[in-house]
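Report on the structure given below.
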Amino acid sequence: MPHCCTEHAAVHRTTQATGRRAVVRPTIGAMGIRYYAYPLAPEHVDLARADPYPFLPADPLADAWELDGRPRPDMLYLDKCWKELQWLTCPTAGAPRTAYALVRGQATHTGGGWVPWVDVLSPADVDDVARDLVLIGEDEVAACGDPHGDPLSASGREYVTHYLREAQEFTARLQRRGWGLVHVIG
């Protein structure tokens, strides 16, 4: 199944805005920007902050969708719900919640695709995020709206609740192990 990440080789470059090395992937399949996170051993956090790409697979969508008969690795796949989780954890009024660090970032659109946002959270960051995520429940999801103040539909609330639970479970597992994570929005 072709998609934006498998049909073209990744091109590494340094973004001027962040100084981070990034991967430019053309959006041939127009599959959209998705979120993926992978566990990161504590001894690899500094290495990943310097260069996160060795800690990310070449095709995270294949991991998430278990393509080619491969079993799904330990990962967090938020599909396209990362945006709604940003709204939930960083309302337009007020400061972002601690849990916002899990979904912080935006892919940068280019003429032929996008430059993914890649970030690394230390074990201490994951611990803080996990502690905050468990405090978010149905009431917060029901009160969540988009940046224009429009409430989420019933199916939108179900979608957000599903991926919120996935995020809660993933960060709790990493918290128990004392691990960090590397995530990509792209």
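For the structure tokens, the naming scheme is as follows: chains receive sequential letters (A, B, ...) according to their order of presentation, residues are indexed from 1 within each chain, and ligands are indexed from 1 in presentation order.
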So which residues touch segment 72-77 of chain A within 9 Å, counting only C-alpha atoms, skipping near sequence neighbours fewer than 4 positions away, as a CSV table (one decimal) with N, CA, C and O atoms, in the first residue's frame?
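Output (selection.csv):
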chain,number,residue,atom,x,y,z
A,34,ARG,N,0.4,12.3,10.5
A,34,ARG,CA,0.1,11.4,11.6
A,34,ARG,C,1.1,11.5,12.8
A,34,ARG,O,2.2,12.1,12.6
A,35,TYR,N,0.8,10.9,13.9
A,35,TYR,CA,1.6,11.0,15.1
A,35,TYR,C,2.1,9.6,15.4
A,35,TYR,O,1.3,8.6,15.5
A,36,TYR,N,3.4,9.4,15.8
A,36,TYR,CA,4.0,8.2,16.2
A,36,TYR,C,5.0,8.5,17.3
A,36,TYR,O,5.7,9.4,17.2
A,37,ALA,N,5.0,7.6,18.3
A,37,ALA,CA,6.0,7.7,19.4
A,37,ALA,C,6.5,6.3,19.7
A,37,ALA,O,5.8,5.3,19.6
A,38,TYR,N,7.8,6.3,20.0
A,38,TYR,CA,8.5,5.1,20.3
A,38,TYR,C,9.2,5.2,21.7
A,38,TYR,O,9.8,6.3,22.0
A,39,PRO,N,9.3,4.1,22.4
A,39,PRO,CA,10.1,4.1,23.7
A,39,PRO,C,11.6,4.4,23.4
A,39,PRO,O,12.1,4.1,22.4
A,60,PRO,N,7.1,4.4,9.9
A,60,PRO,CA,6.3,4.2,11.2
A,60,PRO,C,4.8,3.8,10.8
A,60,PRO,O,4.2,3.1,11.6
A,61,LEU,N,4.3,4.2,9.7
A,61,LEU,CA,2.9,3.8,9.4
A,61,LEU,C,2.8,2.3,9.2
A,61,LEU,O,1.9,1.7,9.6
A,62,ALA,N,3.9,1.7,8.6
A,62,ALA,CA,3.9,0.3,8.4
A,62,ALA,C,3.9,-0.4,9.8
A,62,ALA,O,3.3,-1.4,10.0
A,63,ASP,N,4.6,0.2,10.8
A,63,ASP,CA,4.6,-0.3,12.1
A,63,ASP,C,3.1,-0.2,12.7
A,63,ASP,O,2.6,-1.2,13.2
A,64,ALA,N,2.5,0.9,12.6
A,64,ALA,CA,1.2,1.2,13.1
A,64,ALA,C,0.1,0.3,12.5
A,64,ALA,O,-0.7,-0.2,13.2
A,65,TRP,N,0.2,0.1,11.2
A,65,TRP,CA,-0.8,-0.7,10.5
A,65,TRP,C,-0.4,-2.2,10.3
A,65,TRP,O,-1.1,-2.9,9.7
A,66,GLU,N,0.8,-2.5,10.9
A,66,GLU,CA,1.2,-3.9,10.8
A,66,GLU,C,1.3,-4.4,9.4
A,66,GLU,O,0.9,-5.5,9.1
A,67,LEU,N,1.9,-3.6,8.5
A,67,LEU,CA,2.0,-4.0,7.1
A,67,LEU,C,3.1,-5.0,7.0
A,67,LEU,O,4.0,-5.2,7.8
A,163,TYR,N,-8.0,7.7,21.6
A,163,TYR,CA,-6.6,7.9,21.5
A,163,TYR,C,-6.0,8.5,22.8
A,163,TYR,O,-4.8,8.3,23.1
A,166,GLU,N,-5.1,5.4,24.7
A,166,GLU,CA,-3.9,4.9,24.1
A,166,GLU,C,-2.7,5.6,24.7
A,166,GLU,O,-1.7,5.0,25.1
A,167,ALA,N,-2.8,6.9,24.7
A,167,ALA,CA,-1.7,7.8,25.2
A,167,ALA,C,-1.5,7.5,26.7
A,167,ALA,O,-0.3,7.4,27.2
A,170,PHE,N,0.2,4.0,27.1
A,170,PHE,CA,1.6,4.0,26.6
A,170,PHE,C,2.5,4.8,27.6
A,170,PHE,O,3.6,4.2,28.0
A,171,THR,N,2.1,6.0,28.0
A,171,THR,CA,3.0,6.7,28.9
A,171,THR,C,3.1,6.0,30.3
A,171,THR,O,4.2,6.1,30.9
A,183,HIS,N,9.1,11.2,19.5
A,183,HIS,CA,7.9,11.2,18.8
A,183,HIS,C,8.0,12.1,17.5
A,183,HIS,O,8.9,13.0,17.4
- request: Just the residues within 8 Å of segment 42-47 of chain A, please, counting only C-alpha atoms, with nothing from its chain fewer than 5 positions along; format it as a PyMOL selection string.
  value: chain A and resi 52+120-123+178-180
Give the strand (DSSP E or B) residues of segment 39-153 of chain A, as assigned by DSSP on the backbone, as an NGL selection string. :A and (39-40 or 76-79 or 108-110 or 113-115 or 117-121 or 145 or 151)
Quiz item: When DSSP works through the backbone of this structure, what residues of segment 32-160 of chain A end up as alpha helix (DSSP H), shown as a PyMOL selection string?
Solution: chain A and resi 45-50+60-65+82-89+123-133+138-143+154-160
Spatial neighbours of Val160 of chain A, 8 Å, only C-alpha atoms, chain gap at least 6 places, as a list in words
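Residues meeting the cut-off are Cys81, Glu84, Leu85 and Val141 of chain A.
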Any chance you could export the current selection's N, CA and C atoms as a short mmCIF file (atom, residue, chain, number, x, y, z; two decimals), in the first residue's frame?
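Output below, filename selection.cif:
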data_model
loop_
_atom_site.label_atom_id
_atom_site.label_comp_id
_atom_site.auth_asym_id
_atom_site.auth_seq_id
_atom_site.Cartn_x
_atom_site.Cartn_y
_atom_site.Cartn_z
N CYS A 81 -5.21 12.22 15.36
CA CYS A 81 -5.84 12.78 16.56
C CYS A 81 -4.90 13.66 17.37
N GLU A 84 -6.38 17.13 17.90
CA GLU A 84 -7.43 17.24 18.92
C GLU A 84 -6.83 17.11 20.32
N LEU A 85 -5.81 16.25 20.47
CA LEU A 85 -5.16 16.14 21.77
C LEU A 85 -4.39 17.40 22.12
N VAL A 141 -12.80 15.86 27.98
CA VAL A 141 -13.00 15.58 26.55
C VAL A 141 -14.31 16.20 26.08
#
*Which residues come within 8 Å of segment 147-158 of chain A, counting only C-alpha atoms, excluding same-chain residues fewer than 3 positions away, as a ChimeraX atom specification?*
/A:87,91-92,141-144,161-162
ask   = Hey, can you check how far atom CA of Gly111 of chain A sits from atom CA of Lys80 of chain A?
value =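 Pair atom CA of Gly111 of chain A / atom CA of Lys80 of chain A returns 20.9 Å.
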>> Residues near Tyr100 of chain A, anyone? I mean within 8 Å using only C-alpha atoms, not counting same-chain ones fewer than 4 positions away, as a PyMOL selection string.
In response: chain A and resi 85-86+89-90+96+104+129
Emit the selected residues as a tab-separated table (two decimals), in the first residue's frame, including C-alpha atoms.
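And here is the file that came out, selection-v8.tsv:
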chain	number	residue	atom	x	y	z
A	85	LEU	CA	-5.16	16.14	21.77
A	86	GLN	CA	-3.31	19.43	21.37
A	89	THR	CA	-4.07	19.78	26.51
A	90	CYS	CA	-3.46	23.34	25.36
A	96	PRO	CA	-0.76	24.31	28.31
A	104	ARG	CA	3.63	19.45	21.10
A	129	VAL	CA	3.18	13.66	31.18
Pick the closest to Asp79 of chain A from A:Ile33, A:Leu174, A:Val182, A:Leu102: which is it, counting only C-alpha atoms?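 Among A:Ile33, A:Leu174, A:Val182, A:Leu102, it is A:Ile33 that comes nearest to Asp79 of chain A.
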Quick one, how far is atom CA of Thr98 of chain A from atom CA of Gly32 of chain A?
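Computing the Euclidean distance for atom CA of Thr98 of chain A and atom CA of Gly32 of chain A yields 26.4 Å.
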